[in-house]
Amino acid sequence: MNRRDFLKTSSMGFGMLALPELMQQNAALAKSPLAPKAPHFAPKARSVIFLYMDGGVSQVDSFDPKPRLDKENGQPPKFKTDATVFNDNGNLLKSPWKFRRYGESGIPVSDLFPHLGSCADDLCVIRSMTAFSPNHPNANYALHCGHVLSGRPSMGAWFSYGLGNLSQNLPSFVVVNGGLVPPGGMQSFGSGFLPANHQGTIVGAKHPVMNNITPREEVDALQAKKLAYIDSIDRSLLSHYSHADQVEAAIENYELAYRMQMEVPEVSDISKESELTKRLYGMESSCRETREYGAQCLIARRLVEQGVRFVELTMPRVAADRWDQHKNLVEGHELNAFTVDQPIAGLIKDLKSRGLLDSTLIVFSGEFGRTPFAQGSNGRDHNPQGFSLWMAGGGIKGGTVYGATDEYGYRVVQDKMTVHDLHANMMHLLGIDHTRLTYRYGGRDVRLTDVHGMIVPEILA
Amino acid sequence: MKLGRLGSVLLVLFAAAPAWAVSLEHAEQDDQTPSWHTVKPIFQKHCVNCHGGERQKSRYRLDTYASLLKPGSSGIDPIVAEEPAQSFLLELMLHHESNDMVMPPEGKPRPSAQEVLEVAHWISLGAEGPRVDHAEQAIRTEVIQTLAGAGLVVTRIALDEPGYLVEGLNLRKPLPDHAWAALAVLQTQIVELNLPRQKLDAKRLRLLDRADALARVNLTDAIGMDGAVAWLNQLPVLQRLNVYGSDLSDAGIAEFDLRALAEFYVGETNVTDGALQAFTKANPKLLVMGGVDFQSVDRITAQVGEPASAGE
């Protein structure tokens, strides 16, 4: 029987549904928009953890070493440069950090990321990424939603739409917010024109991670009675419409919220983790920001363990303007790197030992890179012409470097990639053919990758 | 998408009411549950002339089950399993005759309302292909419903691949007996079985003695792991085994004899370092993953200086 009949026959209405066992049964009965769906073909991964490096990490200071910069440090660039955002271009600026080769693969990583270096054989570094815009908001919309203009669904929403949710008590797309709202706003995590159930649910990393997650009513039956009343009003509305989907979705949302009251405090309670695990994630660091990001990473692992489909981490506030070091490159990048390096490496190692790494796709990316020539005296401006990102786990080929920029690290010269290609490959690893996952909107069958996106076999295991 | 009157009726019938409820009603009358054998003649009659071996208008053909699932030149999936309202094939059949997009095209004999309903019903049941017989399909739907009621998520591995994923991450209590019985019915088709935090009962596991397709098993944080080794040993195609956090002991790991195993996750168990090393040496082709090397991480942390501008 469907929910309607079930409610009519039960004398306690919503109260009956409040019992956990029956909630699960009920979730199975309903054709929820978040019900798990089989992918197009057998997947390698079932979840994504997206590590958003807000502001743009400098590629020549992280994963793309350029000896030419060392040689010509201090000289004006002889190559043609495109317009920059601040138009305050200085001379070529070599990397203040040394690069070392790590692991069996020998991938070079700068001294900004020694912990990540120890994971080199699990990383696939892509040096040929490009952005569609030199501006933060537009580049963010493109990175997250596939287009430089706002309003489209976030990639997390697309994954939720395509695959549904394995967890019955948590949303399918969760953003663990470190405190920095991405430029362009929270729209980057929105559902756009997809059903609203697929939007990112924003949680923090400190208890309580969500507002209003603890019921105000001391007696569970009181809350259940209130919700039963709301439910009965919503269902009477259902009978007035033939297009029931949106009302059903809103009802489903209430029911998920009810179940989240139990699950969210539990999944975000990292105090239960062992001391060794907490230290692994950097939560005993003397640096507050590292401890905060460590908590975010640990929550991300727990969310993925509980079946959440797409988890995104934003940067915590550091005493520098995100990764956006237009000046004070050394202080700013050092602080940002120290914040994320150990926690991310801890996440990779923890997932690996738990047997979760090959089913979890990790992506580390900002919205663009930084110029190899200075801005002013000691900063770097935006560089959409070429930057680096890396991926790990989830069927990605570890110990790999793909693509290349020119000798200065300025412009991509080999195997150019865009966000469309990134999204296409992410979907591919989760078993989705990006050309077949569409939604009818404005008379078109729209997809995340629009009419673009190429699968890159070289980066797939 | 606009479905018109009939479409709205179907939307209510097959979207608001769960698919399994409809199939259960028909379970008693096996011969009336629509299957590929029911819909194939409908397609033969109304579609295959222009969309079959001789002609493939819009590069689409539905004379075989495999080709029916592949999109034509529109690129749109013709069938979304269990979702008739989202299935392009059905949408085309439901258009008004005067609509440019209607199939069959204007002037050709229209399928009857009964025929359209059969197609919609078949899609709502999962649009299974010819290898499935009605009785088996009805039983399987009922079994999946039982497992769902016990808190398991059961879903196909992929649209184009047979086999099921049985996911127990939502379980908060041990699986009841009737759920184990249902698993036994489905066992030959389970490819991946995830049952974290379970108290393993060798008697119940023995019910799954024909799990011939089971390639990946996840028994993290299990209690009674040693008693499950015998059951694991008889899984013919087990390729990946995860017992992280379980109470597997040295005695248990010594009993493992898994021919097809390629990956083994055994961190944070009761297995001692010595026994693990011996096991790894005895199985050189097997990827064995233990716990995290915390000390190596501490060494890196000790070497890294803290940035001058770190906050407190």
# chains A, B, ... in the order shown; residues from 1 in each chain; ligands from 1

call {"tool": "residues_around", "arguments": {"residues": "Met101 (chain B)", "least_positions_apart": "4", "cutoff": "12 Å", "atoms": "only C-alpha atoms", "output": "PyMOL selection string"}}
result
chain B and resi 58+74+88-97+105-106

call {"tool": "write_last_selection", "arguments": {"atoms": "N, CA and C atoms", "output": "PDB file, in the first residue's frame"}}
result
ATOM      1  N   SER B  58      15.191   7.270 -37.519  1.00  0.00           N
ATOM      2  CA  SER B  58      15.833   7.974 -36.398  1.00  0.00           C
ATOM      3  C   SER B  58      16.894   7.122 -35.744  1.00  0.00           C
ATOM      4  N   SER B  74      17.972  10.904 -31.221  1.00  0.00           N
ATOM      5  CA  SER B  74      17.652  11.931 -30.221  1.00  0.00           C
ATOM      6  C   SER B  74      18.634  11.882 -29.068  1.00  0.00           C
ATOM      7  N   PHE B  88      10.938   7.953 -22.525  1.00  0.00           N
ATOM      8  CA  PHE B  88      10.689   8.657 -23.789  1.00  0.00           C
ATOM      9  C   PHE B  88       9.837   7.803 -24.733  1.00  0.00           C
ATOM     10  N   LEU B  89      10.076   6.498 -24.750  1.00  0.00           N
ATOM     11  CA  LEU B  89       9.317   5.593 -25.619  1.00  0.00           C
ATOM     12  C   LEU B  89       7.817   5.725 -25.355  1.00  0.00           C
ATOM     13  N   LEU B  90       7.466   5.740 -24.091  1.00  0.00           N
ATOM     14  CA  LEU B  90       6.062   5.825 -23.713  1.00  0.00           C
ATOM     15  C   LEU B  90       5.510   7.218 -23.998  1.00  0.00           C
ATOM     16  N   GLU B  91       6.350   8.225 -23.733  1.00  0.00           N
ATOM     17  CA  GLU B  91       5.921   9.604 -23.993  1.00  0.00           C
ATOM     18  C   GLU B  91       5.476   9.754 -25.445  1.00  0.00           C
ATOM     19  N   LEU B  92       6.259   9.177 -26.368  1.00  0.00           N
ATOM     20  CA  LEU B  92       5.914   9.284 -27.783  1.00  0.00           C
ATOM     21  C   LEU B  92       4.595   8.592 -28.099  1.00  0.00           C
ATOM     22  N   MET B  93       4.352   7.468 -27.417  1.00  0.00           N
ATOM     23  CA  MET B  93       3.111   6.733 -27.667  1.00  0.00           C
ATOM     24  C   MET B  93       1.899   7.474 -27.123  1.00  0.00           C
ATOM     25  N   LEU B  94       2.124   8.354 -26.124  1.00  0.00           N
ATOM     26  CA  LEU B  94       0.997   8.999 -25.450  1.00  0.00           C
ATOM     27  C   LEU B  94       0.598  10.338 -26.062  1.00  0.00           C
ATOM     28  N   HIS B  95       1.406  10.822 -27.007  1.00  0.00           N
ATOM     29  CA  HIS B  95       1.043  12.103 -27.628  1.00  0.00           C
ATOM     30  C   HIS B  95      -0.285  11.990 -28.363  1.00  0.00           C
ATOM     31  N   HIS B  96      -0.933  13.142 -28.483  1.00  0.00           N
ATOM     32  CA  HIS B  96      -2.149  13.169 -29.304  1.00  0.00           C
ATOM     33  C   HIS B  96      -1.772  12.933 -30.758  1.00  0.00           C
ATOM     34  N   GLU B  97      -2.733  12.342 -31.498  1.00  0.00           N
ATOM     35  CA  GLU B  97      -2.468  11.985 -32.890  1.00  0.00           C
ATOM     36  C   GLU B  97      -1.968  13.141 -33.719  1.00  0.00           C
ATOM     37  N   PRO B 105       3.302   7.125 -36.205  1.00  0.00           N
ATOM     38  CA  PRO B 105       2.975   8.442 -36.769  1.00  0.00           C
ATOM     39  C   PRO B 105       1.516   8.500 -37.217  1.00  0.00           C
ATOM     40  N   GLU B 106       1.061   9.740 -37.404  1.00  0.00           N
ATOM     41  CA  GLU B 106      -0.336   9.948 -37.787  1.00  0.00           C
ATOM     42  C   GLU B 106      -0.623   9.177 -39.074  1.00  0.00           C
TER      43      GLU B 106
END

call {"tool": "select_by_dssp", "arguments": {"residues": "region 209-423 of chain A", "states": "alpha helix (DSSP H)", "output": "PyMOL selection string"}}
result
chain A and resi 220-238+245-267+275-280+288-305+329-353+419-423

call {"tool": "select_by_dssp", "arguments": {"residues": "region 183-409 of chain A", "states": "strand (DSSP E)", "output": "ChimeraX atom specification"}}
result
/A:201-203,310-313,360-365,369-375,379-383,387-393,400-402,404-405

call {"tool": "residues_around", "arguments": {"residues": "Arg440 (chain A)", "least_positions_apart": "5", "cutoff": "10 Å", "atoms": "only C-alpha atoms", "output": "count of residues only"}}
result
6

call {"tool": "closest_residue", "arguments": {"among": "B:Leu152, B:Ala120, B:Leu214, B:Leu232", "to": "chain A", "atoms": "only C-alpha atoms"}}
result
B:Leu152

call {"tool": "closest_residue", "arguments": {"among": "B:Asn194, B:Thr301, B:Gln277, B:Ser73", "to": "Glu305 (chain A)", "atoms": "only C-alpha atoms"}}
result
B:Asn194

call {"tool": "residues_around", "arguments": {"residues": "Ala251 (chain B)", "least_positions_apart": "2", "cutoff": "9 Å", "atoms": "only C-alpha atoms", "output": "list in words"}}
result
Asp226, Leu248, Ser249, Ile253, Ala254, Glu255, Val271 and Ala275 of chain B

call {"tool": "write_last_selection", "arguments": {"atoms": "N, CA, C and O atoms", "output": "PDB file, in the first residue's frame"}}
result
ATOM      1  N   ASP B 226      35.558 -15.025  12.844  1.00  0.00           N
ATOM      2  CA  ASP B 226      36.229 -16.324  12.676  1.00  0.00           C
ATOM      3  C   ASP B 226      35.248 -17.391  12.209  1.00  0.00           C
ATOM      4  O   ASP B 226      35.587 -18.236  11.389  1.00  0.00           O
ATOM      5  N   LEU B 248      38.261 -10.560  13.648  1.00  0.00           N
ATOM      6  CA  LEU B 248      39.029 -11.658  13.055  1.00  0.00           C
ATOM      7  C   LEU B 248      40.322 -11.864  13.848  1.00  0.00           C
ATOM      8  O   LEU B 248      41.016 -10.911  14.170  1.00  0.00           O
ATOM      9  N   SER B 249      40.636 -13.121  14.164  1.00  0.00           N
ATOM     10  CA  SER B 249      41.814 -13.399  14.976  1.00  0.00           C
ATOM     11  C   SER B 249      42.845 -14.169  14.158  1.00  0.00           C
ATOM     12  O   SER B 249      42.601 -14.513  12.994  1.00  0.00           O
ATOM     13  N   ILE B 253      42.342 -16.010  10.433  1.00  0.00           N
ATOM     14  CA  ILE B 253      43.036 -15.676   9.194  1.00  0.00           C
ATOM     15  C   ILE B 253      43.803 -16.883   8.663  1.00  0.00           C
ATOM     16  O   ILE B 253      43.982 -17.042   7.448  1.00  0.00           O
ATOM     17  N   ALA B 254      44.228 -17.764   9.580  1.00  0.00           N
ATOM     18  CA  ALA B 254      44.957 -18.958   9.140  1.00  0.00           C
ATOM     19  C   ALA B 254      44.054 -19.893   8.352  1.00  0.00           C
ATOM     20  O   ALA B 254      44.532 -20.704   7.555  1.00  0.00           O
ATOM     21  N   GLU B 255      42.745 -19.782   8.542  1.00  0.00           N
ATOM     22  CA  GLU B 255      41.809 -20.700   7.876  1.00  0.00           C
ATOM     23  C   GLU B 255      41.420 -20.249   6.476  1.00  0.00           C
ATOM     24  O   GLU B 255      40.738 -20.968   5.750  1.00  0.00           O
ATOM     25  N   VAL B 271      43.924  -9.540  14.432  1.00  0.00           N
ATOM     26  CA  VAL B 271      45.040 -10.280  13.830  1.00  0.00           C
ATOM     27  C   VAL B 271      46.347  -9.605  14.221  1.00  0.00           C
ATOM     28  O   VAL B 271      46.504  -8.391  14.067  1.00  0.00           O
ATOM     29  N   ALA B 275      51.062 -12.787  12.444  1.00  0.00           N
ATOM     30  CA  ALA B 275      50.150 -13.618  11.653  1.00  0.00           C
ATOM     31  C   ALA B 275      49.850 -12.957  10.325  1.00  0.00           C
ATOM     32  O   ALA B 275      49.721 -13.624   9.290  1.00  0.00           O
TER      33      ALA B 275
END

call {"tool": "residues_around", "arguments": {"residues": "region 203-212 of chain B", "least_positions_apart": "5", "cutoff": "6 Å", "atoms": "only C-alpha atoms", "output": "PyMOL selection string"}}
result
chain B and resi 184+187-188

call {"tool": "residues_around", "arguments": {"residues": "Asn336 (chain A)", "least_positions_apart": "3", "cutoff": "10 Å", "atoms": "only C-alpha atoms", "output": "ChimeraX atom specification"}}
result
/A:53,57,112,289-290,315-324,331-333,339-341 /B:307,310

call {"tool": "atom_distance", "arguments": {"atom1": "CA of Ala244 (chain A)", "atom2": "CA of Gln223 (chain A)"}}
result
25.7 Å

call {"tool": "closest_residue", "arguments": {"among": "B:Val292, B:Leu62, B:Ile139, B:Ile223", "to": "chain A", "atoms": "only C-alpha atoms"}}
result
B:Val292

call {"tool": "atom_distance", "arguments": {"atom1": "CA of Leu195 (chain B)", "atom2": "CA of Gln296 (chain A)"}}
result
26.2 Å

call {"tool": "residues_around", "arguments": {"residues": "region 90-98 of chain A", "least_positions_apart": "6", "cutoff": "10 Å", "atoms": "only C-alpha atoms", "output": "PyMOL selection string"}}
result
chain A and resi 58-62+65-78+108-112+329-330+334+371-380+408

call {"tool": "write_last_selection", "arguments": {"atoms": "N, CA, C and O atoms", "output": "compact mmCIF listing (two decimals), in the first residue's frame"}}
result
# COMPACT_ATOMS: atom_id res chain seq x y z
N SER A 58 48.31 28.19 -6.57
CA SER A 58 49.33 28.43 -7.58
C SER A 58 49.94 27.11 -8.03
O SER A 58 50.46 26.35 -7.21
N GLN A 59 49.88 26.84 -9.32
CA GLN A 59 50.35 25.54 -9.83
C GLN A 59 51.87 25.41 -9.76
O GLN A 59 52.37 24.32 -9.44
N VAL A 60 52.60 26.52 -10.03
CA VAL A 60 54.07 26.42 -10.04
C VAL A 60 54.63 26.31 -8.63
O VAL A 60 55.83 26.05 -8.45
N ASP A 61 53.77 26.51 -7.62
CA ASP A 61 54.19 26.40 -6.23
C ASP A 61 53.65 25.13 -5.58
O ASP A 61 53.80 24.95 -4.37
N SER A 62 52.99 24.27 -6.34
CA SER A 62 52.36 23.10 -5.73
C SER A 62 52.68 21.80 -6.47
O SER A 62 53.36 20.92 -5.95
N PRO A 65 56.30 21.87 -11.20
CA PRO A 65 57.58 22.56 -11.01
C PRO A 65 58.10 23.12 -12.34
O PRO A 65 57.98 22.50 -13.39
N LYS A 66 58.74 24.32 -12.28
CA LYS A 66 59.23 24.99 -13.50
C LYS A 66 60.65 25.50 -13.29
O LYS A 66 60.87 26.63 -12.84
N PRO A 67 61.63 24.68 -13.64
CA PRO A 67 63.03 25.11 -13.49
C PRO A 67 63.33 26.39 -14.26
O PRO A 67 64.19 27.19 -13.86
N ARG A 68 62.61 26.62 -15.34
CA ARG A 68 62.81 27.83 -16.14
C ARG A 68 62.55 29.09 -15.30
O ARG A 68 63.20 30.12 -15.47
N LEU A 69 61.58 28.98 -14.40
CA LEU A 69 61.27 30.13 -13.54
C LEU A 69 62.44 30.42 -12.60
O LEU A 69 62.76 31.58 -12.32
N ASP A 70 63.06 29.35 -12.09
CA ASP A 70 64.23 29.53 -11.23
C ASP A 70 65.32 30.29 -11.99
O ASP A 70 65.90 31.26 -11.49
N LYS A 71 65.54 29.85 -13.24
CA LYS A 71 66.62 30.44 -14.04
C LYS A 71 66.36 31.90 -14.34
O LYS A 71 67.27 32.73 -14.28
N GLU A 72 65.12 32.23 -14.70
CA GLU A 72 64.83 33.60 -15.17
C GLU A 72 64.14 34.43 -14.11
O GLU A 72 63.49 35.44 -14.41
N ASN A 73 64.29 34.01 -12.86
CA ASN A 73 63.64 34.74 -11.75
C ASN A 73 64.04 36.21 -11.76
O ASN A 73 65.22 36.53 -11.92
N GLY A 74 63.06 37.09 -11.62
CA GLY A 74 63.36 38.50 -11.55
C GLY A 74 63.36 39.19 -12.91
O GLY A 74 63.38 40.43 -12.99
N GLN A 75 63.33 38.39 -13.99
CA GLN A 75 63.31 39.01 -15.32
C GLN A 75 61.87 39.22 -15.77
O GLN A 75 60.98 38.48 -15.38
N PRO A 76 61.64 40.23 -16.61
CA PRO A 76 60.27 40.41 -17.13
C PRO A 76 59.93 39.26 -18.09
O PRO A 76 60.81 38.77 -18.79
N PRO A 77 58.68 38.84 -18.11
CA PRO A 77 58.32 37.73 -19.01
C PRO A 77 58.49 38.14 -20.46
O PRO A 77 58.05 39.22 -20.88
N LYS A 78 59.15 37.26 -21.26
CA LYS A 78 59.35 37.56 -22.67
C LYS A 78 58.20 37.05 -23.51
O LYS A 78 58.08 37.36 -24.66
N PRO A 108 56.58 14.87 -8.56
CA PRO A 108 57.12 16.00 -7.80
C PRO A 108 56.00 16.79 -7.10
O PRO A 108 54.99 17.13 -7.71
N VAL A 109 56.21 17.03 -5.81
CA VAL A 109 55.27 17.83 -5.02
C VAL A 109 56.10 18.86 -4.25
O VAL A 109 57.18 18.54 -3.76
N SER A 110 55.58 20.09 -4.15
CA SER A 110 56.36 21.13 -3.47
C SER A 110 56.33 20.92 -1.96
O SER A 110 55.49 20.19 -1.42
N ASP A 111 57.25 21.61 -1.29
CA ASP A 111 57.35 21.48 0.16
C ASP A 111 56.16 22.06 0.90
O ASP A 111 56.08 21.98 2.13
N LEU A 112 55.23 22.64 0.16
CA LEU A 112 53.98 23.07 0.78
C LEU A 112 53.14 21.88 1.21
O LEU A 112 52.31 21.98 2.11
N LEU A 329 52.43 36.02 -1.07
CA LEU A 329 52.30 34.64 -1.53
C LEU A 329 52.81 33.66 -0.49
O LEU A 329 52.17 32.67 -0.18
N VAL A 330 53.98 33.96 0.07
CA VAL A 330 54.63 33.00 0.97
C VAL A 330 53.78 32.76 2.21
O VAL A 330 53.43 31.62 2.53
N GLU A 334 51.51 29.33 2.53
CA GLU A 334 52.01 28.46 3.59
C GLU A 334 50.91 28.14 4.59
O GLU A 334 50.74 26.99 5.01
N THR A 371 49.46 33.28 -11.72
CA THR A 371 50.42 33.63 -12.76
C THR A 371 51.85 33.31 -12.31
O THR A 371 52.20 33.49 -11.15
N PRO A 372 52.70 32.84 -13.23
CA PRO A 372 54.10 32.60 -12.88
C PRO A 372 54.89 33.89 -12.73
O PRO A 372 55.98 33.89 -12.15
N PHE A 373 54.37 34.99 -13.25
CA PHE A 373 55.00 36.28 -13.00
C PHE A 373 54.28 36.93 -11.82
O PHE A 373 53.10 36.65 -11.56
N ALA A 374 54.99 37.81 -11.13
CA ALA A 374 54.44 38.36 -9.90
C ALA A 374 53.32 39.34 -10.18
O ALA A 374 53.23 39.93 -11.26
N GLN A 375 52.47 39.51 -9.17
CA GLN A 375 51.60 40.68 -9.12
C GLN A 375 52.23 41.59 -8.07
O GLN A 375 52.53 41.13 -6.95
N GLY A 376 52.44 42.83 -8.43
CA GLY A 376 53.13 43.70 -7.48
C GLY A 376 54.51 43.13 -7.23
O GLY A 376 55.21 42.73 -8.16
N SER A 377 54.89 43.07 -5.96
CA SER A 377 56.22 42.56 -5.66
C SER A 377 56.21 41.12 -5.18
O SER A 377 57.15 40.38 -5.41
N ASN A 378 55.12 40.71 -4.48
CA ASN A 378 55.21 39.38 -3.85
C ASN A 378 53.94 38.56 -3.93
O ASN A 378 53.73 37.66 -3.13
N GLY A 379 53.09 38.86 -4.94
CA GLY A 379 51.87 38.06 -5.09
C GLY A 379 51.78 37.43 -6.46
O GLY A 379 52.72 37.54 -7.27
N ARG A 380 50.69 36.72 -6.72
CA ARG A 380 50.44 36.19 -8.06
C ARG A 380 48.96 36.45 -8.40
O ARG A 380 48.08 36.29 -7.54
N TYR A 408 57.05 27.94 -18.45
CA TYR A 408 56.89 28.89 -17.36
C TYR A 408 55.71 28.54 -16.47
O TYR A 408 55.48 29.19 -15.45

call {"tool": "closest_residue", "arguments": {"among": "A:Arg216, A:His434, A:His198, A:Arg301", "to": "Pro33 (chain A)", "atoms": "only C-alpha atoms"}}
result
A:His198
